[in-house]
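Trainee: Below you'll find the structure I mean.
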Amino acid sequence: MTTTTAPAATTAAGKPLPRQPWNRHLLAIAVLTVLLIPLPLILPPAQASVAVRVLIFALMSIGWNMMSGFGGMFSFGHAAYFGIGAYAGGFLLVEHNVSPWIGMLVGMVIAAAFATLIGFLALRYKLRGAYFALATFAFAEMLRLWATNSEFVNRAVGYHVPLRPESSWWWMQFEPASANYFWIALGLTVIALVVSVQFVRSRAGQFTKAARDDEDAAAAVGIPVMRYKLLTMALSAAITAVAGAFYVQYFLFIDPDLAFGSSVSIQAILPAVIGGVATIWGPVIGAVVMGPLNDVTATILRNPPPALEFLQGRGGLDVIVYGALLIIIVLLLPQGIYGALRKRWSRR
Amino acid sequence: MTSTPDQDHVAAGNGGGVATLDPDELPTAATRTVPWLRIGVIAALIVVAIVLAYVRAGSGVVVVQAVTTGILIGGIYGLVAMGLTLIFGVLDIVNFAHGSFLALALFLTFGLTQAGLHVYLALAVSVPAMFLLGVLVQRGILAGAMGKPLENQLLITLGISLIIENALLLFFGANPRSVALSGDRGVPIFEAVANLSRILAFVGALLLAGLLYLLLQRTRLGTAIRAVAANDTGAQLVGIDTRVIYAVTFALGTACAGAAGTLVAPLVTIEPTTGSLFNIVAFVVVVLGGMGNVVGALVGGLIIGLAEQLGGIYLPGQSPLLSVFIVFVLVLFLRPQGLFRRSA
């Protein structure tokens, strides 16, 4: 897998392969991590919680981007994996007193298995395009409806994480404004980013991209397309499940709509689309744009300008802005913010 | 025309219910004959489903009530889905904003009835208003993304639905509202009881669906729409302005959602999220009927209406929507081209 650095690697035509800056990506991740570590100590608590939300968005969307961006399989149901992660953590903690770290791992495994199952069915029956998206959507909705009406997972009530008297890393619980939450989210996001860089540069990632660009050609040169697509989906689901498991520990609460609702699937899609689909940094940049919007609009609505007095205390403005942003990006910057910037740099 | 006997032969050879579920049996030539065999099999399946529900419930009244309610609401689903499938057939757009147009019509109807207008007279306002909005949205936003990958259009319509739904939330708040039909009462049908408003909505939906069908089949505009659906380059070559057709088709689709919104206004609680429920069901119906198949959408609507109500009997305690999704997933996997072939 050293094609990126070995100068001997050439295509059949004798031209050298384009050098991919993978190590530069890893370096950038390392530098950014070091720079971000002191952030919660500097920011006031309200802004620190926005920073944590940005990281949750990024984590969800890094997962989505792996399957739908690099894998080319448009998922409209990542709420299924987010919710499985959230519910696995919540269920094991509340019902069986299991550490959320273990719940997170269990959630990842279940989400990956569920994604493999859906993926197998969808690929076996050759669902593509709109049909594939609608199938993923249907599975997420089925989980939501099942969770809402099943005693097994507390019906519509969901789970409240029991509060503990003292802070504990093992139980992932600290005083409300603790910087530890940010550091955990940062650590998880960095791991997800490194995994996605390593995945894309690996043989499996290259095969997956080849299958995305031309499935028949990829199969014709002997790539087991099904296996690599399923692997991509499983990895993607596991990453989004981590976001769900962390979400429960941070907000101390989960219910079927927060876990499996279609707005969750949309939240997994938006950062990647805004930042740049099928790029390493797209989901992160999109999350940085999206995360604070909620607070900005809430502030505006709390003290609206005189002309908008009647809107005081209402919700919905943040989602309107997301929607408008989504339309503008898709129409004007189809490669997202990062994609457009990269294009400009490389032209120079 | 030559392929029809062949295909019927194949289907008959496989025998009974299995034939309709065979994914390899894709029709290759567009034919105009009515697929009697398929209709027979579907009807047989529905009868079996009703009998099973009777066994499960152990009471005739419950089943008759479920079937009546299912068919009545199914007509509405059919009307909503006709608009959606028309848009898919002609513009190749998976329209996630369809339900939010319906929600918009609901609130418009609410506003008009508050102003003293009769619910059904509000149709005269909501249908043209939604048509106009459809033209504006298509020309203003979607026209820029025609011919782009499917995901782009999907994301744009998703953005439109987010904007409409949350604008309704912003301006009207989350409090549920309702529209009362003066003189609404229970009407006995066999052993069941149905509200007059529900029956009127069903009849209205069927009438409008029939009008839409006539428009598509009998007018120059309808012929042009079908031509663009079949082959847009070819349609352009014979002098059809595809840009106009795209706008008109999208507007017809949203007008369907608008009409459905007004018709169901007395039946549902009016909230910004009411539309998304109809949107979900309409997707199921569209896939069931075959994407782009207008008649299939109406039949699919009736089937899904039944499935929803009978599912409530099979899976007591679960949401009726769950059975709709189970039917959906089965159809997606086993018969993704829909129960009927595509013929916009």
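The chains in the structure tokens are called A, B, ... from first to last as shown; in each chain the residues are counted from 1, and the ligands are counted from 1 in the order shown.
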Just need the residues of chain A within 7 Å of chain B, counting only C-alpha atoms, so spit them out as a PyMOL selection string.

Mentor: chain A and resi 125+129-130+135+138+142+145+149+311+314-317+319-320+323-324+326-327+330-331

Trainee: Taking the chain letters and numbering used in this document, name the residues of stretch 152-296 of chain A that DSSP puts in strand (DSSP E), as a VMD selection string.

Mentor: chain A and resid 159 to 160 253 to 254

Trainee: Go ahead and save the picked residues with C-alpha atoms, as a JSON list (two decimals), in the first residue's frame.

Mentor:
[["chain", "number", "residue", "atom", "x", "y", "z"],
["A", 159, "TYR", "CA", -33.60, 6.20, 28.62],
["A", 160, "HIS", "CA", -32.34, 8.72, 31.15],
["A", 253, "PHE", "CA", -31.08, 11.29, 27.55],
["A", 254, "ILE", "CA", -32.31, 9.40, 24.48]]

Trainee: Identify which of the residues A:Phe182, A:Phe91, A:Tyr322, A:Phe82 lies closest to A:Asp257, counting only C-alpha atoms when measuring atom-to-atom distances.

Mentor: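 Looking only at the distances to A:Asp257, the closest residue turns out to be A:Phe82.
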
Trainee: I need the residues in stretch 112-335 of chain B that are alpha helix (DSSP H) according to DSSP; give them as a VMD selection string.

Mentor: chain B and resid 112 to 114 123 to 140 150 to 172 196 to 218 220 to 230 232 to 237 242 to 264 274 to 289 294 to 314 320 to 334

Trainee: Excluding stretch 83-87 of chain B and any residue of its chain fewer than 5 positions from it, enumerate the residues within 6 Å of it, using only C-alpha atoms, and give them as number ranges by chain.

Mentor: B: 250, 253, 256, 286, 291-292

Trainee: When you count only C-alpha atoms, which of these residues is closest to A:Asn65: A:Thr240, A:Thr189, A:Ser99, A:Gln206?

Mentor: A:Thr240

Trainee: Write out as a VMD selection string each polymer residue whose atoms come within 7 Å of B:Ala103, counting only C-alpha atoms; drop sequence neighbours fewer than 4 positions from it.

Mentor: chain B and resid 99 107 261 272 274 to 275

Trainee: Print the selection's residues with N, CA and C atoms to a file, as a PDB file, in the first residue's frame.

Mentor:
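Result went into again00.pdb, see below:
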ATOM      1  N   GLY B  99     -44.510  16.156   0.686  1.00  0.00           N
ATOM      2  CA  GLY B  99     -45.319  16.215   1.906  1.00  0.00           C
ATOM      3  C   GLY B  99     -45.403  17.617   2.481  1.00  0.00           C
ATOM      4  N   PHE B 107     -52.303  24.241   6.017  1.00  0.00           N
ATOM      5  CA  PHE B 107     -52.337  25.500   6.756  1.00  0.00           C
ATOM      6  C   PHE B 107     -53.084  26.578   5.974  1.00  0.00           C
ATOM      7  N   GLY B 261     -54.148  18.015   0.452  1.00  0.00           N
ATOM      8  CA  GLY B 261     -54.050  18.731   1.718  1.00  0.00           C
ATOM      9  C   GLY B 261     -55.378  19.325   2.133  1.00  0.00           C
ATOM     10  N   PRO B 272     -47.112  21.239  11.437  1.00  0.00           N
ATOM     11  CA  PRO B 272     -46.123  21.329  10.360  1.00  0.00           C
ATOM     12  C   PRO B 272     -45.603  19.960   9.919  1.00  0.00           C
ATOM     13  N   THR B 274     -47.343  17.133   9.784  1.00  0.00           N
ATOM     14  CA  THR B 274     -48.354  16.220   9.240  1.00  0.00           C
ATOM     15  C   THR B 274     -47.990  15.796   7.817  1.00  0.00           C
ATOM     16  N   GLY B 275     -47.438  16.723   7.061  1.00  0.00           N
ATOM     17  CA  GLY B 275     -47.131  16.431   5.668  1.00  0.00           C
ATOM     18  C   GLY B 275     -46.109  15.323   5.504  1.00  0.00           C
TER      19      GLY B 275
END

Trainee: Show which residues sit within 12 Å of stretch 293-299 of chain A, as number ranges by chain. Count only C-alpha atoms, and ignore same-chain residues fewer than 2 positions away.

Mentor: A: 46-51, 53-54, 286-291, 301-305, 311-323, 325; B: 170

Trainee: Just the residues within 7 Å of A:Gly71, please, counting only C-alpha atoms, with nothing from its chain fewer than 5 positions along; format it as a ChimeraX atom specification.

Mentor: /A:66,208-209,212,229,232

Trainee: Write out, as a PDB file, in the first residue's frame, the residues just selected, with C-alpha atoms.

Mentor:
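Saved the output as selection34.pdb:
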ATOM      1  CA  MET A  66     -17.448   6.818   4.190  1.00  0.00           C
ATOM      2  CA  THR A 208     -14.371   0.565  -2.976  1.00  0.00           C
ATOM      3  CA  LYS A 209     -13.768   3.787  -4.891  1.00  0.00           C
ATOM      4  CA  ARG A 212     -18.182   3.303  -6.995  1.00  0.00           C
ATOM      5  CA  LYS A 229     -19.029  -2.515  -0.310  1.00  0.00           C
ATOM      6  CA  THR A 232     -17.391   0.039   3.799  1.00  0.00           C
TER       7      THR A 232
END

Trainee: Could you name the residues that touch B:Val64 at 12 Å or less, counting only C-alpha atoms, but leaving out those on the same chain fewer than 2 positions away, as a PyMOL selection string?

Mentor: chain B and resi 50-51+53-54+57-62+66-71+188-194+306+309-310+313

Trainee: Now that the selection is made, can you save its residues with C-alpha atoms as a PDB file, in the first residue's frame?

Mentor:
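Writing done, so here's part39.pdb:
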ATOM      1  CA  ILE B  50     -58.506  -9.877   4.771  1.00  0.00           C
ATOM      2  CA  VAL B  51     -59.379 -13.487   5.655  1.00  0.00           C
ATOM      3  CA  ALA B  53     -57.166 -10.520   9.550  1.00  0.00           C
ATOM      4  CA  TYR B  54     -60.625 -11.976  10.235  1.00  0.00           C
ATOM      5  CA  ALA B  57     -59.349 -10.505  15.035  1.00  0.00           C
ATOM      6  CA  GLY B  58     -62.177 -13.029  15.416  1.00  0.00           C
ATOM      7  CA  SER B  59     -64.734 -10.331  14.728  1.00  0.00           C
ATOM      8  CA  GLY B  60     -66.292  -9.335  11.450  1.00  0.00           C
ATOM      9  CA  VAL B  61     -67.076  -5.776  12.470  1.00  0.00           C
ATOM     10  CA  VAL B  62     -63.434  -4.995  13.217  1.00  0.00           C
ATOM     11  CA  ALA B  66     -60.563  -1.684   8.919  1.00  0.00           C
ATOM     12  CA  VAL B  67     -61.242  -2.401   5.242  1.00  0.00           C
ATOM     13  CA  THR B  68     -63.607   0.571   4.933  1.00  0.00           C
ATOM     14  CA  THR B  69     -61.220   2.973   6.632  1.00  0.00           C
ATOM     15  CA  GLY B  70     -58.297   1.571   4.668  1.00  0.00           C
ATOM     16  CA  ILE B  71     -59.942   2.037   1.288  1.00  0.00           C
ATOM     17  CA  PRO B 188     -72.971   3.627   8.307  1.00  0.00           C
ATOM     18  CA  ILE B 189     -71.425   1.486   5.542  1.00  0.00           C
ATOM     19  CA  PHE B 190     -72.355  -2.187   5.960  1.00  0.00           C
ATOM     20  CA  GLU B 191     -71.442  -2.809   9.586  1.00  0.00           C
ATOM     21  CA  ALA B 192     -68.836  -0.075   9.680  1.00  0.00           C
ATOM     22  CA  VAL B 193     -69.076   3.629  10.340  1.00  0.00           C
ATOM     23  CA  ALA B 194     -67.174   6.261   8.393  1.00  0.00           C
ATOM     24  CA  LEU B 306     -55.597  -1.464   3.418  1.00  0.00           C
ATOM     25  CA  GLN B 309     -55.378  -0.761   8.635  1.00  0.00           C
ATOM     26  CA  LEU B 310     -55.026  -4.551   8.448  1.00  0.00           C
ATOM     27  CA  ILE B 313     -54.907  -6.029  13.384  1.00  0.00           C
TER      28      ILE B 313
END
